[in-house]
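For reference, the structure discussed in these notes is given below.
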Amino acid sequence: MKPKQFNRREFLASTAAATSAALFPAPAMAQAAPRVVVVGGGFAGASVARTLKSANPRIAVTLVEANRTFTACPFSNLVIGGLRELKRQRFGYDRIAADGIRVAFAVATRVDTQARTVTLDTGSTLAYDRLVLAPGIDIRWDGLPGYTEAAAERMPHAWRAGEQTLLLRRQLEAMDDGGVVVMSAPANPFRCPPGPYERASLIAHYLKTRKPKSKLIVLDAKDQFSKQRLFQNAWKELYPKHLEWVGLSQGGKVTSVEVAEQTLVTEFGKHKAAVANVIPPQKAGRIAEVAGVADKTGWCPIDPVTFESKLVPNIHLMGDAIIAGAMPKSAFSANAQAKVCAAAIVRLLAGQTPSQPRLLNTCYSVVAPNYGITVAGVYQPVNGVLTDVQGSGGVSPADAPASFRAQEALFADGWFNTITSEVFG
Amino acid sequence: MRAPRLFVVLAVVIGWGGVAISASPEPPPGASSCSGCHAAKPGVDTTIPPLTGRKAADIVAQMQAFKTGQKPSTVMDRIAKGLTDAEVEAIAAWYAQQK
């Protein structure tokens, strides 16, 4: 048979089989291949699936994901600000399937932790030796009075990228010059700690350049936030007339929303908005709760060496859903945690002890075109908690020249292209 | 920016065959995070330099220079300070072996 008669999947499957035969001695081959099911195909889940398969092609990896197209949150604030198109945020699963990973487009509805099975909404059941849950976040629809799923169609959260991102952008585009945009930012913890402030920057940039009589008011449930000094210095410099931030102690905490009146309510007053962006309280994605791996905070406690649940054995978690100590809920963290988790699972399946990991994170925020800032960190497990390595990490210098900010904006772009290539390319 | 399909298939098979057959050791602590920014495969549109295939001594020297501030950087000084010399050497040796 000529090689070109193989289709892509058969070719890969046969090569993987040959590779496994070369790698593993006969007794190992006699045993069934270990089965890992990964639920959630974002930065965490897709990364763990690919890392597992490349580290040991013999592992049968199934990736369960509800959507055929992934829409990335990082850089989606640029879409809202009119500086980027949503299609550049979208990625498919073809390359992941071509790795020999079975991709099931379905919703996981049930986990039987005794029988070690996952049930899908298609009716099928998947058995696992190790289960990885990477569900990202869900909105707490009971967390902010008045903010329901129907309300989100009028006052978008845009905290899961896709139609919500486009809705917020369209509302900004349709707004009259002079209209007031109001954003609410939640208390910690939530996905992407610098995200609300990057978004505020880019909405202010849009207003300054396209709707100069308008302004943005950010109502915040906190007094401190990520990269605060860098953001606030940039706002003073770039958007003094277009962005007003109201912290918790100034009455910034939004306590309810009135959708019909397009109004955000605080303890001190009401803010009527031409466009309202409500970033609501969040929790780990639903399957975490279903599987019993979320605690009363709504997030998932994990062992920082193996990323195994502290509540249910044989279930691993990473990314935005977990309680990750000093590591922020970022795409970079999710990808870094996934690679460490995959290495640990490979060892656990082989009956070996996982290595003590060290993890990195770098979060880029774009404040304006050619103006990027970062926060970075190096982490290690200390007493069961992911902890900052002393003397490392931190934010970009406060007094850096414009060339430094431009360099970080350029690296931000490179980071996005690199990580999405590793995860989906 | 998509390569022709046959090329992609061959690149994947050769790349993985190489990794699997040589039983490439698990990356040392910290190493697997780097490819979040430093592309592990060619063809990525980025100005961030790759680490794969670089000489280990070169990576170690750069990291040392970032750590001391001798070489200016945006973020690498903050990251280099979180890794010991031994960890940097292990990471550098591992990347030098990756193709």
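Every chain in the structure tokens takes a letter, A first, then B, and so on in the order presented; its residues are numbered from 1, and the ligands are numbered from 1 following the presented order.
Residue-level contact on chain B: within 6 Å of chain A, counting only C-alpha atoms, the set is B:Pro29, B:Gly30, B:Ser33, B:Gly36, B:Cys37, B:Ala39, B:Thr46, B:Arg78, B:Ile79, B:Lys81, B:Gly82.
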- Message: Env of Glu153 (chain A): 10 Å cut, atoms = only C-alpha atoms, seq-sep filter 2 positions within chain, self excluded. Answer as a VMD selection string.
- Response: chain A and resid 148 to 151 155 to 157 163 to 164 167 to 168 259
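The residue set within 8 Å of Pro27 (chain B), counting only C-alpha atoms and dropping same-chain residues fewer than 4 places from it, reads B:Ala31, B:Ser32, B:Ile91, B:Trp94.
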- Shell around region 133-138 of chain A at 8 Å using only C-alpha atoms, local window under 2 positions removed, as an MDAnalysis selection string: chainID A and resid 38:42 44:45 131 140 191 282:288 315:321
Contact residues around region 213-221 of chain A with only C-alpha atoms at 7 Å, ignoring same-chain residues under 3 positions, as a PDB file with C-alpha atoms, in the first residue's frame:
```pdb
ATOM      1  CA  ASP A 177     -21.448  60.379  21.394  1.00  0.00           C
ATOM      2  CA  GLY A 178     -21.968  61.664  24.933  1.00  0.00           C
ATOM      3  CA  GLY A 179     -23.388  58.422  26.288  1.00  0.00           C
ATOM      4  CA  VAL A 180     -22.105  57.092  29.604  1.00  0.00           C
ATOM      5  CA  VAL A 181     -20.675  53.564  29.704  1.00  0.00           C
ATOM      6  CA  VAL A 182     -20.776  51.877  33.109  1.00  0.00           C
ATOM      7  CA  MET A 183     -18.792  48.762  33.993  1.00  0.00           C
ATOM      8  CA  SER A 184     -18.919  46.794  37.214  1.00  0.00           C
ATOM      9  CA  ALA A 185     -15.946  44.756  38.392  1.00  0.00           C
ATOM     10  CA  PRO A 186     -16.404  41.935  40.919  1.00  0.00           C
ATOM     11  CA  ALA A 187     -14.678  41.087  44.190  1.00  0.00           C
ATOM     12  CA  ALA A 204     -11.694  54.453  27.078  1.00  0.00           C
ATOM     13  CA  LEU A 207     -14.384  56.577  23.425  1.00  0.00           C
ATOM     14  CA  HIS A 242     -12.745  59.312  29.473  1.00  0.00           C
ATOM     15  CA  LEU A 243     -12.272  56.958  32.413  1.00  0.00           C
ATOM     16  CA  GLU A 244     -13.354  57.305  36.018  1.00  0.00           C
ATOM     17  CA  TRP A 245     -12.665  54.475  38.465  1.00  0.00           C
ATOM     18  CA  VAL A 246     -14.712  54.212  41.668  1.00  0.00           C
ATOM     19  CA  GLY A 247     -13.289  51.796  44.227  1.00  0.00           C
ATOM     20  CA  LEU A 248     -15.065  49.977  47.058  1.00  0.00           C
ATOM     21  CA  GLY A 252     -18.057  51.395  43.928  1.00  0.00           C
ATOM     22  CA  LYS A 253     -19.588  48.065  44.883  1.00  0.00           C
ATOM     23  CA  VAL A 254     -22.582  47.238  42.679  1.00  0.00           C
TER      24      VAL A 254
END
```
- DSSP helix (DSSP H, G or I) selection over region 26-166 of chain A, as a PyMOL selection string: chain A and resi 26-30+43-55+76-80+86-89+94-98+151-154+163-166
Can you tell me, as a PDB file with C-alpha atoms, in the first residue's frame, what residues are no more than 7 Å from Ala92 (chain B) when counting only C-alpha atoms, ignoring any on the same chain fewer than 2 positions away?
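Writing the result to part_14.pdb gives the following:
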```pdb
ATOM      1  CA  ALA B  56      22.668  25.318  26.766  1.00  0.00           C
ATOM      2  CA  ILE B  59      20.640  30.083  27.546  1.00  0.00           C
ATOM      3  CA  VAL B  60      22.432  29.937  30.923  1.00  0.00           C
ATOM      4  CA  VAL B  88      18.365  27.249  34.904  1.00  0.00           C
ATOM      5  CA  GLU B  89      21.118  24.820  33.913  1.00  0.00           C
ATOM      6  CA  ALA B  90      18.679  21.899  33.842  1.00  0.00           C
ATOM      7  CA  TRP B  94      16.696  20.207  28.232  1.00  0.00           C
ATOM      8  CA  TYR B  95      15.859  22.891  25.643  1.00  0.00           C
ATOM      9  CA  ALA B  96      19.236  22.368  23.952  1.00  0.00           C
TER      10      ALA B  96
END
```
